[in-house]
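Coordinates from query_14.cif are shown below (mmCIF, C-alpha atoms).
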data_run
loop_
_atom_site.group_PDB
_atom_site.id
_atom_site.type_symbol
_atom_site.label_atom_id
_atom_site.label_comp_id
_atom_site.auth_asym_id
_atom_site.auth_seq_id
_atom_site.Cartn_x
_atom_site.Cartn_y
_atom_site.Cartn_z
ATOM 1 C CA MET S 1 -14.040 -32.818 -7.955
ATOM 2 C CA ARG S 2 -13.836 -30.356 -5.035
ATOM 3 C CA ARG S 3 -11.296 -32.521 -3.191
ATOM 4 C CA THR S 4 -9.151 -32.758 -6.328
ATOM 5 C CA LEU S 5 -9.236 -28.999 -6.797
ATOM 6 C CA LEU S 6 -8.464 -28.395 -3.105
ATOM 7 C CA GLY S 7 -5.596 -30.876 -3.251
ATOM 8 C CA PHE S 8 -4.170 -29.202 -6.338
ATOM 9 C CA LEU S 9 -4.365 -25.751 -4.719
ATOM 10 C CA LEU S 10 -2.657 -26.995 -1.540
ATOM 11 C CA ALA S 11 0.107 -28.695 -3.531
ATOM 12 C CA ALA S 12 0.691 -25.503 -5.508
ATOM 13 C CA ALA S 13 0.719 -23.344 -2.360
ATOM 14 C CA LEU S 14 3.136 -25.476 -0.297
ATOM 15 C CA PRO S 15 6.342 -24.510 -2.168
ATOM 16 C CA ALA S 16 5.397 -20.833 -1.932
ATOM 17 C CA ALA S 17 4.640 -21.135 1.774
ATOM 18 C CA ALA S 18 7.904 -22.985 2.388
ATOM 19 C CA SER S 19 9.871 -20.085 0.875
ATOM 20 C CA ALA S 20 7.824 -17.455 2.692
ATOM 21 C CA GLU S 21 9.764 -14.936 4.708
ATOM 22 C CA MET S 22 7.046 -13.200 6.701
ATOM 23 C CA GLY S 23 8.007 -11.064 9.669
ATOM 24 C CA PHE S 24 8.798 -7.447 10.492
ATOM 25 C CA TYR S 25 11.349 -6.056 8.023
ATOM 26 C CA GLY S 26 10.915 -2.346 8.576
ATOM 27 C CA TRP S 27 8.676 0.672 8.700
ATOM 28 C CA GLY S 28 8.464 3.859 6.710
ATOM 29 C CA VAL S 29 6.936 7.276 6.308
ATOM 30 C CA ARG S 30 4.813 8.382 3.350
ATOM 31 C CA LEU S 31 4.070 11.873 2.009
ATOM 32 C CA GLY S 32 2.105 12.721 -1.079
ATOM 33 C CA LEU S 33 -0.628 14.427 -3.001
ATOM 34 C CA ALA S 34 -4.018 13.026 -3.923
ATOM 35 C CA GLU S 35 -6.601 14.038 -6.501
ATOM 36 C CA ASP S 36 -10.412 14.070 -6.159
ATOM 37 C CA PRO S 37 -10.519 15.254 -3.475
ATOM 38 C CA ASP S 38 -7.333 17.326 -3.723
ATOM 39 C CA GLN S 39 -5.398 16.551 -0.560
ATOM 40 C CA PHE S 40 -2.033 16.446 1.147
ATOM 41 C CA VAL S 41 -1.406 12.917 2.437
ATOM 42 C CA VAL S 42 0.856 11.804 5.289
ATOM 43 C CA GLY S 43 1.202 8.336 6.753
ATOM 44 C CA PHE S 44 3.333 5.318 7.576
ATOM 45 C CA GLN S 45 3.746 1.740 6.413
ATOM 46 C CA GLN S 46 5.277 -1.566 7.448
ATOM 47 C CA ASP S 47 7.170 -4.168 5.454
ATOM 48 C CA LEU S 48 5.951 -7.555 6.663
ATOM 49 C CA GLY S 49 8.005 -9.567 4.187
ATOM 50 C CA GLU S 50 7.255 -11.975 1.376
ATOM 51 C CA PHE S 51 4.600 -14.663 1.659
ATOM 52 C CA ALA S 52 5.664 -16.080 -1.726
ATOM 53 C CA GLU S 53 8.597 -15.393 -4.019
ATOM 54 C CA ARG S 54 8.581 -11.671 -4.987
ATOM 55 C CA LEU S 55 5.128 -11.099 -3.378
ATOM 56 C CA ARG S 56 5.461 -8.691 -0.444
ATOM 57 C CA PHE S 57 2.804 -7.613 2.042
ATOM 58 C CA GLN S 58 3.208 -3.936 2.967
ATOM 59 C CA PRO S 59 0.188 -2.394 4.781
ATOM 60 C CA SER S 60 -0.095 1.369 5.222
ATOM 61 C CA LEU S 61 -2.155 3.949 7.114
ATOM 62 C CA GLU S 62 -2.586 7.508 5.798
ATOM 63 C CA LEU S 63 -4.285 10.756 6.736
ATOM 64 C CA GLY S 64 -5.509 13.013 3.930
ATOM 65 C CA LEU S 65 -6.294 16.682 4.596
ATOM 66 C CA GLY S 66 -7.747 19.354 2.329
ATOM 67 C CA ASP S 67 -10.588 20.181 -0.058
ATOM 68 C CA ASP S 68 -13.124 20.176 2.835
ATOM 69 C CA HIS S 69 -12.429 16.490 3.489
ATOM 70 C CA THR S 70 -10.609 14.519 6.159
ATOM 71 C CA ILE S 71 -9.791 10.988 5.034
ATOM 72 C CA VAL S 72 -8.121 8.164 6.957
ATOM 73 C CA VAL S 73 -7.144 5.244 4.712
ATOM 74 C CA GLY S 74 -5.824 1.829 5.698
ATOM 75 C CA THR S 75 -4.473 -0.126 2.725
ATOM 76 C CA LEU S 76 -3.661 -3.843 2.618
ATOM 77 C CA PRO S 77 -1.652 -4.215 -0.605
ATOM 78 C CA VAL S 78 0.400 -7.003 -2.115
ATOM 79 C CA HIS S 79 3.398 -5.842 -4.166
ATOM 80 C CA TYR S 80 4.862 -7.964 -6.949
ATOM 81 C CA ARG S 81 8.539 -6.963 -7.072
ATOM 82 C CA PHE S 82 10.023 -7.391 -10.541
ATOM 83 C CA LYS S 83 13.385 -9.133 -10.722
ATOM 84 C CA THR S 84 16.257 -6.753 -11.519
ATOM 85 C CA SER S 85 19.996 -6.706 -11.022
ATOM 86 C CA ALA S 86 20.103 -2.982 -10.205
ATOM 87 C CA SER S 87 19.474 -1.140 -6.940
ATOM 88 C CA VAL S 88 16.166 0.051 -8.445
ATOM 89 C CA THR S 89 13.216 -2.339 -8.155
ATOM 90 C CA PRO S 90 9.902 -1.643 -9.902
ATOM 91 C CA TYR S 91 6.756 -3.144 -8.407
ATOM 92 C CA ALA S 92 3.064 -3.398 -9.148
ATOM 93 C CA GLY S 93 0.186 -4.693 -7.147
ATOM 94 C CA GLY S 94 -3.133 -4.196 -5.567
ATOM 95 C CA GLY S 95 -5.258 -4.925 -2.585
ATOM 96 C CA LEU S 96 -8.031 -3.543 -0.446
ATOM 97 C CA GLN S 97 -8.391 -0.215 1.254
ATOM 98 C CA VAL S 98 -10.701 0.831 4.055
ATOM 99 C CA ALA S 99 -11.375 4.576 4.126
ATOM 100 C CA TRP S 100 -13.118 6.751 6.672
ATOM 101 C CA ILE S 101 -14.228 9.844 4.755
ATOM 102 C CA ASP S 102 -15.489 12.968 6.527
ATOM 103 C CA ARG S 103 -16.966 15.625 4.236
ATOM 104 C CA GLU S 104 -17.343 19.050 5.799
ATOM 105 C CA THR S 105 -20.328 20.835 4.271
ATOM 106 C CA ARG S 106 -22.050 24.055 5.312
ATOM 107 C CA ARG S 107 -25.133 22.291 6.568
ATOM 108 C CA ARG S 108 -23.652 19.293 8.358
ATOM 109 C CA ASP S 109 -20.766 16.901 8.679
ATOM 110 C CA ASP S 110 -21.156 13.838 6.500
ATOM 111 C CA SER S 111 -18.949 10.816 7.146
ATOM 112 C CA GLU S 112 -18.878 7.263 5.856
ATOM 113 C CA VAL S 113 -16.686 4.176 5.676
ATOM 114 C CA GLU S 114 -15.903 2.714 2.266
ATOM 115 C CA ILE S 115 -14.090 -0.497 1.310
ATOM 116 C CA SER S 116 -12.689 -0.693 -2.203
ATOM 117 C CA PRO S 117 -9.958 -2.305 -4.300
ATOM 118 C CA VAL S 118 -6.799 -0.360 -5.086
ATOM 119 C CA ILE S 119 -4.278 -0.741 -7.933
ATOM 120 C CA LEU S 120 -0.757 0.568 -7.469
ATOM 121 C CA GLY S 121 2.707 0.647 -8.950
ATOM 122 C CA GLY S 122 6.011 2.092 -7.934
ATOM 123 C CA VAL S 123 9.774 2.117 -7.887
ATOM 124 C CA GLU S 124 12.018 1.431 -4.897
ATOM 125 C CA TRP S 125 15.674 2.509 -4.596
ATOM 126 C CA SER S 126 18.038 0.724 -2.199
ATOM 127 C CA LEU S 127 20.382 3.128 -0.435
ATOM 128 C CA ARG S 128 23.876 2.466 0.919
ATOM 129 C CA SER S 129 22.515 2.878 4.444
ATOM 130 C CA GLY S 130 20.353 -0.217 3.935
ATOM 131 C CA ASN S 131 17.164 1.852 3.861
ATOM 132 C CA ASP S 132 14.981 2.444 0.802
ATOM 133 C CA LEU S 133 13.356 5.380 -0.972
ATOM 134 C CA PHE S 134 10.195 4.782 -2.978
ATOM 135 C CA LEU S 135 7.795 6.519 -5.321
ATOM 136 C CA GLU S 136 4.314 5.028 -5.609
ATOM 137 C CA LEU S 137 1.211 5.761 -7.713
ATOM 138 C CA HIS S 138 -2.245 4.604 -6.586
ATOM 139 C CA LEU S 139 -5.068 4.263 -9.079
ATOM 140 C CA ALA S 140 -8.700 3.471 -8.336
ATOM 141 C CA GLY S 141 -10.072 3.243 -4.842
ATOM 142 C CA ASP S 142 -12.980 5.187 -3.353
ATOM 143 C CA ALA S 143 -10.926 7.512 -1.136
ATOM 144 C CA HIS S 144 -9.057 9.245 -4.016
ATOM 145 C CA ASP S 145 -9.046 8.853 -7.783
ATOM 146 C CA THR S 146 -5.241 8.985 -7.939
ATOM 147 C CA LYS S 147 -2.493 9.451 -5.383
ATOM 148 C CA LEU S 148 1.259 9.981 -5.759
ATOM 149 C CA VAL S 149 3.336 9.173 -2.681
ATOM 150 C CA VAL S 150 7.046 9.388 -1.925
ATOM 151 C CA GLY S 151 8.511 7.694 1.116
ATOM 152 C CA TRP S 152 11.418 6.402 3.107
ATOM 153 C CA MET S 153 11.565 2.840 4.433
ATOM 154 C CA PHE S 154 13.712 2.217 7.507
ATOM 155 C CA ARG S 155 14.888 -1.382 7.447
ATOM 156 C CA ALA S 156 14.982 -3.468 10.640
ATOM 157 C CA ARG S 157 18.429 -4.837 11.283
#

Turn the structure described in the file into structure tokens.
Amino acid sequence: MRRTLLGFLLAAALPAAASAEMGFYGWGVRLGLAEDPDQFVVGFQQDLGEFAERLRFQPSLELGLGDDHTIVVGTLPVHYRFKTSASVTPYAGGGLQVAWIDRETRRRDDSEVEISPVILGGVEWSLRSGNDLFLELHLAGDAHDTKLVVGWMFRAR
């Protein structure tokens, strides 16, 4: 039974892997606002391409400042890009985030590392220059309850 299931999974994954286009496709900057704790967020991301049709891997690293917290968040998301004929592409996805959270209290500094799932969605606009603008909303995750980020992706040529 296990061999049959493993064989089925491999057969299903081979066409996706054959069409995979992994590599370095660009990098971008991210700016935004987060809630609980209320913070200004700045960071960068990379576009590492699609590992299956319309499934893109786009990791990011962000620094959040404010509300007596310093938070560094690394996110490993997978974006499902919806098929459209316009220059605007909506996407939705999720993944894991690793957050280093430093709470500054009167008595002492309190820091911890948390790993949690993240759910996200956004819209990406292709520009004439070949670069992209995006607007992204993060829900869930231990670092922030919600986060709204705007960014610019510089495409590798």

Evaluate the PyMOL selection byres ((chain S and resi 35-38) around 10) and record the selected residues as a JSON list (two decimals) with C-alpha atoms, keeping the file's coordinate frame, following the chain and residue labels used in the document.
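What ended up in selection30.json:
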[["chain", "number", "residue", "atom", "x", "y", "z"],
["S", 33, "LEU", "CA", -0.63, 14.43, -3.00],
["S", 34, "ALA", "CA", -4.02, 13.03, -3.92],
["S", 39, "GLN", "CA", -5.40, 16.55, -0.56],
["S", 40, "PHE", "CA", -2.03, 16.45, 1.15],
["S", 41, "VAL", "CA", -1.41, 12.92, 2.44],
["S", 64, "GLY", "CA", -5.51, 13.01, 3.93],
["S", 65, "LEU", "CA", -6.29, 16.68, 4.60],
["S", 66, "GLY", "CA", -7.75, 19.35, 2.33],
["S", 67, "ASP", "CA", -10.59, 20.18, -0.06],
["S", 68, "ASP", "CA", -13.12, 20.18, 2.84],
["S", 69, "HIS", "CA", -12.43, 16.49, 3.49],
["S", 70, "THR", "CA", -10.61, 14.52, 6.16],
["S", 71, "ILE", "CA", -9.79, 10.99, 5.03],
["S", 142, "ASP", "CA", -12.98, 5.19, -3.35],
["S", 143, "ALA", "CA", -10.93, 7.51, -1.14],
["S", 144, "HIS", "CA", -9.06, 9.24, -4.02],
["S", 145, "ASP", "CA", -9.05, 8.85, -7.78],
["S", 146, "THR", "CA", -5.24, 8.98, -7.94],
["S", 147, "LYS", "CA", -2.49, 9.45, -5.38],
["S", 148, "LEU", "CA", 1.26, 9.98, -5.76]]

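Proximity ranking of S:Gly26, S:Gly43, S:Pro77, S:Gly93 relative to Leu61 of chain S places S:Gly43 first, based on all atoms listed in the file.
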
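Using all atoms listed in the file, the smallest distance between any of S:Arg103, S:Ser116, S:Arg128, S:Glu53 and Leu76 of chain S comes from S:Ser116.
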
Around all the atoms of segment 133-144 of chain S listed in the file, with 4 Å of room on each side, what axis-aligned box do you get, giving centre and edge lengths in Å to one decimal, as lines of an AutoDock Vina configuration file?
center_x = 0.2
center_y = 6.2
center_z = -5.0
size_x = 34.3
size_y = 14.0
size_z = 16.1

- request: Using all atoms listed in the file, pick whichever of S:Leu63, S:Ala52, S:Val29, S:Ala86 has the shortest atom-to-atom distance to Trp125 of chain S.
  value: S:Ala86

- prompt: Thr84 of chain S: which residues within 12 Å, counting all atoms listed in the file, same-chain residues fewer than 6 positions away excluded, as a ChimeraX atom specification?
  reply: /S:54,90-91,123-125

- request: Using only C-alpha atoms, pick whichever of S:Glu50, S:Leu135, S:Pro117, S:Phe154 has the shortest atom-to-atom distance to Thr75 of chain S.
  value: S:Pro117

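Evaluated on this file, the PyMOL selection byres ((chain S and resi 100) around 8) matches Ile71, Val72, Val73, Val98, Ala99, Ile101, Asp102, Ser111, Glu112, Val113 and Glu114 of chain S.
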
query: Out of S:Ala156, S:Leu127, S:Leu120, S:Gly74, which residue has the shortest atom-to-atom distance to Ala140 of chain S when counting all atoms listed in the file?
result: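 Counting all atoms listed in the file, the residue closest to Ala140 of chain S is S:Leu120.
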
message: Here's a test: counting all atoms listed in the file, identify every protein, DNA and RNA residue with an atom at most 9 Å from (3.0, -4.6, -7.2) in the file's coordinate frame, and state them as JSON, numbers by chain.
response: {"S": [55, 56, 77, 78, 79, 80, 81, 82, 90, 91, 92, 93, 94, 119, 120, 121, 122]}

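The result of the PyMOL selection byres ((chain S and resi 25) around 12) on the shown file is Glu21, Met22, Gly23, Phe24, Gly26, Trp27, Gly28, Gln45, Gln46, Asp47, Leu48, Gly49, Glu50, Arg56, Phe57, Gln58, Gly130, Asn131, Asp132, Met153, Phe154, Arg155, Ala156 and Arg157 of chain S.
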
Quick one: write out the picked residues with C-alpha atoms as a PDB file, in the coordinates of the input?
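Okay, this is what ended up in result36.pdb:
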ATOM      1  CA  GLU S  21       9.764 -14.936   4.708  1.00  0.00           C
ATOM      2  CA  MET S  22       7.046 -13.200   6.701  1.00  0.00           C
ATOM      3  CA  GLY S  23       8.007 -11.064   9.669  1.00  0.00           C
ATOM      4  CA  PHE S  24       8.798  -7.447  10.492  1.00  0.00           C
ATOM      5  CA  GLY S  26      10.915  -2.346   8.576  1.00  0.00           C
ATOM      6  CA  TRP S  27       8.676   0.672   8.700  1.00  0.00           C
ATOM      7  CA  GLY S  28       8.464   3.859   6.710  1.00  0.00           C
ATOM      8  CA  GLN S  45       3.746   1.740   6.413  1.00  0.00           C
ATOM      9  CA  GLN S  46       5.277  -1.566   7.448  1.00  0.00           C
ATOM     10  CA  ASP S  47       7.170  -4.168   5.454  1.00  0.00           C
ATOM     11  CA  LEU S  48       5.951  -7.555   6.663  1.00  0.00           C
ATOM     12  CA  GLY S  49       8.005  -9.567   4.187  1.00  0.00           C
ATOM     13  CA  GLU S  50       7.255 -11.975   1.376  1.00  0.00           C
ATOM     14  CA  ARG S  56       5.461  -8.691  -0.444  1.00  0.00           C
ATOM     15  CA  PHE S  57       2.804  -7.613   2.042  1.00  0.00           C
ATOM     16  CA  GLN S  58       3.208  -3.936   2.967  1.00  0.00           C
ATOM     17  CA  GLY S 130      20.353  -0.217   3.935  1.00  0.00           C
ATOM     18  CA  ASN S 131      17.164   1.852   3.861  1.00  0.00           C
ATOM     19  CA  ASP S 132      14.981   2.444   0.802  1.00  0.00           C
ATOM     20  CA  MET S 153      11.565   2.840   4.433  1.00  0.00           C
ATOM     21  CA  PHE S 154      13.712   2.217   7.507  1.00  0.00           C
ATOM     22  CA  ARG S 155      14.888  -1.382   7.447  1.00  0.00           C
ATOM     23  CA  ALA S 156      14.982  -3.468  10.640  1.00  0.00           C
ATOM     24  CA  ARG S 157      18.429  -4.837  11.283  1.00  0.00           C
TER      25      ARG S 157
END

query: If you measure from atom CA of Glu62 of chain S to atom CA of Asp109 of chain S, what distance in Å do you get, rounded to one decimal?
result: 20.7 Å

field: Top pick for closest residue to Ile115 of chain S, considering S:Leu31, S:Leu96, S:Val42, S:Val149 and counting all atoms listed in the file
entry: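 The shortest atom-to-atom distance to Ile115 of chain S comes from S:Leu96.
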
task: Could you jot down the atom CA of Phe44 of chain S to atom CA of Glu104 of chain S separation for me, Å, one decimal place?
output: 24.9 Å

Complete the atoms of segment 139-150 of chain S to all heavy atoms and put them out as an mmCIF file, keeping the file's coordinate frame.
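Generated output (part02.cif):
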data_model
loop_
_atom_site.group_PDB
_atom_site.id
_atom_site.type_symbol
_atom_site.label_atom_id
_atom_site.label_comp_id
_atom_site.auth_asym_id
_atom_site.auth_seq_id
_atom_site.Cartn_x
_atom_site.Cartn_y
_atom_site.Cartn_z
ATOM 1 N N LEU S 139 -3.945 4.034 -8.175
ATOM 2 C CA LEU S 139 -5.068 4.263 -9.079
ATOM 3 C C LEU S 139 -6.279 3.540 -8.508
ATOM 4 O O LEU S 139 -6.145 2.517 -7.847
ATOM 5 C CB LEU S 139 -4.754 3.726 -10.467
ATOM 6 C CG LEU S 139 -3.522 4.318 -11.144
ATOM 7 C CD1 LEU S 139 -3.215 3.570 -12.422
ATOM 8 C CD2 LEU S 139 -3.718 5.793 -11.424
ATOM 9 N N ALA S 140 -7.440 4.057 -8.807
ATOM 10 C CA ALA S 140 -8.700 3.471 -8.336
ATOM 11 C C ALA S 140 -8.843 3.686 -6.835
ATOM 12 O O ALA S 140 -8.083 4.425 -6.234
ATOM 13 C CB ALA S 140 -8.794 1.996 -8.708
ATOM 14 N N GLY S 141 -9.795 3.045 -6.252
ATOM 15 C CA GLY S 141 -10.072 3.243 -4.842
ATOM 16 C C GLY S 141 -11.118 4.334 -4.648
ATOM 17 O O GLY S 141 -11.205 5.271 -5.427
ATOM 18 N N ASP S 142 -11.913 4.225 -3.603
ATOM 19 C CA ASP S 142 -12.980 5.187 -3.353
ATOM 20 C C ASP S 142 -12.508 6.437 -2.625
ATOM 21 O O ASP S 142 -13.148 7.473 -2.695
ATOM 22 C CB ASP S 142 -14.110 4.531 -2.546
ATOM 23 C CG ASP S 142 -14.935 3.584 -3.389
ATOM 24 O OD1 ASP S 142 -14.880 3.701 -4.621
ATOM 25 O OD2 ASP S 142 -15.624 2.730 -2.809
ATOM 26 N N ALA S 143 -11.395 6.359 -1.903
ATOM 27 C CA ALA S 143 -10.926 7.512 -1.136
ATOM 28 C C ALA S 143 -10.423 8.624 -2.052
ATOM 29 O O ALA S 143 -10.743 9.793 -1.850
ATOM 30 C CB ALA S 143 -9.834 7.094 -0.172
ATOM 31 N N HIS S 144 -9.603 8.284 -3.043
ATOM 32 C CA HIS S 144 -9.057 9.245 -4.016
ATOM 33 C C HIS S 144 -9.046 8.583 -5.390
ATOM 34 O O HIS S 144 -8.901 7.371 -5.487
ATOM 35 C CB HIS S 144 -7.618 9.618 -3.662
ATOM 36 C CG HIS S 144 -7.460 10.210 -2.306
ATOM 37 N ND1 HIS S 144 -6.999 9.478 -1.238
ATOM 38 C CD2 HIS S 144 -7.699 11.464 -1.832
ATOM 39 C CE1 HIS S 144 -6.967 10.252 -0.168
ATOM 40 N NE2 HIS S 144 -7.383 11.454 -0.491
ATOM 41 N N ASP S 145 -9.159 9.408 -6.434
ATOM 42 C CA ASP S 145 -9.046 8.853 -7.783
ATOM 43 C C ASP S 145 -7.615 8.428 -8.072
ATOM 44 O O ASP S 145 -7.372 7.341 -8.592
ATOM 45 C CB ASP S 145 -9.514 9.858 -8.830
ATOM 46 C CG ASP S 145 -11.022 9.948 -8.904
ATOM 47 O OD1 ASP S 145 -11.700 9.127 -8.261
ATOM 48 O OD2 ASP S 145 -11.521 10.838 -9.599
ATOM 49 N N THR S 146 -6.657 9.307 -7.789
ATOM 50 C CA THR S 146 -5.241 8.985 -7.939
ATOM 51 C C THR S 146 -4.474 9.574 -6.763
ATOM 52 O O THR S 146 -4.910 10.550 -6.143
ATOM 53 C CB THR S 146 -4.647 9.551 -9.244
ATOM 54 O OG1 THR S 146 -4.853 10.954 -9.281
ATOM 55 C CG2 THR S 146 -5.253 8.899 -10.457
ATOM 56 N N LYS S 147 -3.329 8.982 -6.483
ATOM 57 C CA LYS S 147 -2.493 9.451 -5.383
ATOM 58 C C LYS S 147 -1.041 9.154 -5.735
ATOM 59 O O LYS S 147 -0.719 8.050 -6.179
ATOM 60 C CB LYS S 147 -2.903 8.738 -4.096
ATOM 61 C CG LYS S 147 -2.122 9.122 -2.888
ATOM 62 C CD LYS S 147 -2.698 8.568 -1.593
ATOM 63 C CE LYS S 147 -3.147 7.155 -1.668
ATOM 64 N NZ LYS S 147 -3.655 6.619 -0.409
ATOM 65 N N LEU S 148 -0.171 10.138 -5.544
ATOM 66 C CA LEU S 148 1.259 9.981 -5.759
ATOM 67 C C LEU S 148 1.951 10.175 -4.417
ATOM 68 O O LEU S 148 1.770 11.208 -3.766
ATOM 69 C CB LEU S 148 1.780 10.990 -6.783
ATOM 70 C CG LEU S 148 3.250 10.864 -7.162
ATOM 71 C CD1 LEU S 148 3.518 9.508 -7.826
ATOM 72 C CD2 LEU S 148 3.644 11.995 -8.088
ATOM 73 N N VAL S 149 2.720 9.175 -4.004
ATOM 74 C CA VAL S 149 3.336 9.173 -2.681
ATOM 75 C C VAL S 149 4.836 8.917 -2.827
ATOM 76 O O VAL S 149 5.263 8.086 -3.622
ATOM 77 C CB VAL S 149 2.725 8.065 -1.796
ATOM 78 C CG1 VAL S 149 3.370 8.017 -0.434
ATOM 79 C CG2 VAL S 149 1.236 8.247 -1.671
ATOM 80 N N VAL S 150 5.620 9.634 -2.038
ATOM 81 C CA VAL S 150 7.046 9.388 -1.925
ATOM 82 C C VAL S 150 7.310 8.992 -0.476
ATOM 83 O O VAL S 150 6.609 9.462 0.432
ATOM 84 C CB VAL S 150 7.883 10.630 -2.355
ATOM 85 C CG1 VAL S 150 7.616 11.803 -1.443
ATOM 86 C CG2 VAL S 150 9.354 10.314 -2.405
#
